[in-house]
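Written out below as structure tokens is the structure these notes cover.
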Amino acid sequence: MIMNNCYFYFCVGIIFGEIACENCNQLQRKLLKANQVNFNLLSSNMRSTIPLQCIKDFIDLSLEDTEKILIDMNDESQIAKTAVKEILQQIDLIFRQNHTELVWHKGSLSSFLIGLDQQIKMLETCGKGEMEQVITSPRNLKLKLTRLRVKRYFQKLSDFLKNKKYSLCAWKIVQIQMKECFELINHYIQRVPSKVIDF
């Protein structure tokens, strides 16, 4: 078991080392690979079902489904990258909250947060050259609306955790929502070109 964990973290290091490089070719492939690692880390640290004692909290959550934060992007890679980056940043903020009741394998949470950080930095690094054009373009409003829509969704999750006093049940339910978010990220990444033109 210890050897399996060591091998897993070794793989995480290799993948995120590759992602951190400034070569932005094959961005889509790198993002998909990194997203799968984060998804696996999350999945390996949570139960596939909700414990009975958490059912009431699950019902209380009554959050919008992740499909409600699907953005109509009309194949715009810029909007897709903006959505991916904002979701990653919001996931990072969620998992940096009070997680004393969050039961993960030793070192897993740190690896998870490092992975999120590397993905965010990769998206930032692979688009600095075009950032000013994006800011002054008509798409700027659409980008702001994309960020706002994502932030509203995650604010509901954050409020839920706070209202439930960061309980074990609240974290279990939020983690289920996070799994759906990683699946949503995969959907957006499909619209990101392999060779970066802008971000």
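By convention in this document, the chains of the structure tokens carry letters A, B, ... by their order, each chain's residues are numbered from 1, and ligands are numbered from 1 in the order they are shown.
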Next on the checklist: Can you pull out the residues contacting Val192 in chain A? Cut-off 6 Å, using only C-alpha atoms, and skip same-chain residues under 2 positions away; I want them as a list in words.
Outcome noted: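 Final neighbour list, sorted by chain and number: Gln28, Ser77, Ile189 and Gln190 of chain A.
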File dump, residues just selected, N, CA, C and O atoms, as a CSV table (one decimal), in the first residue's frame:
```
chain,number,residue,atom,x,y,z
A,28,GLN,N,-3.9,21.2,-24.7
A,28,GLN,CA,-5.1,20.4,-24.4
A,28,GLN,C,-4.7,19.1,-23.8
A,28,GLN,O,-5.3,18.7,-22.8
A,77,SER,N,-12.3,29.2,-27.9
A,77,SER,CA,-11.3,28.7,-27.0
A,77,SER,C,-11.0,29.6,-25.8
A,77,SER,O,-10.7,29.2,-24.7
A,189,ILE,N,-12.1,21.7,-21.8
A,189,ILE,CA,-10.7,21.5,-22.3
A,189,ILE,C,-10.8,21.0,-23.8
A,189,ILE,O,-9.9,21.3,-24.6
A,190,GLN,N,-11.9,20.3,-24.1
A,190,GLN,CA,-12.0,19.8,-25.5
A,190,GLN,C,-12.0,20.9,-26.5
A,190,GLN,O,-11.7,20.8,-27.7
```
Checklist entry - Which is closest to Glu101 in chain A among A:Gln175, A:Ser167, A:Gln53, A:Gln26, if we use only C-alpha atoms? => result A:Ser167
Item to check | Residues near range 180-186 of chain A, cut-off 7 Å, only C-alpha atoms, skip fewer than 4 positions along chain, as a list in words | outcome: Leu32, Asn35, Phe39, Thr66, Val84, Ile176 and Gln190 of chain A
Item to check | Non-local contacts of Thr82 in chain A (7 Å; only C-alpha atoms; under 4 positions in same chain excluded) as an MDAnalysis selection string | outcome: chainID A and resid 78 86 143
Could you write out the selected residues, including C-alpha atoms, as a PDB file, in the first residue's frame?
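Saved to part-v4.pdb:
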```pdb
ATOM      1  CA  GLN A  78     -10.802  31.890 -25.020  1.00  0.00           C
ATOM      2  CA  GLU A  86     -11.850  30.169 -12.945  1.00  0.00           C
ATOM      3  CA  LEU A 143     -15.298  36.626 -20.191  1.00  0.00           C
TER       4      LEU A 143
END
```
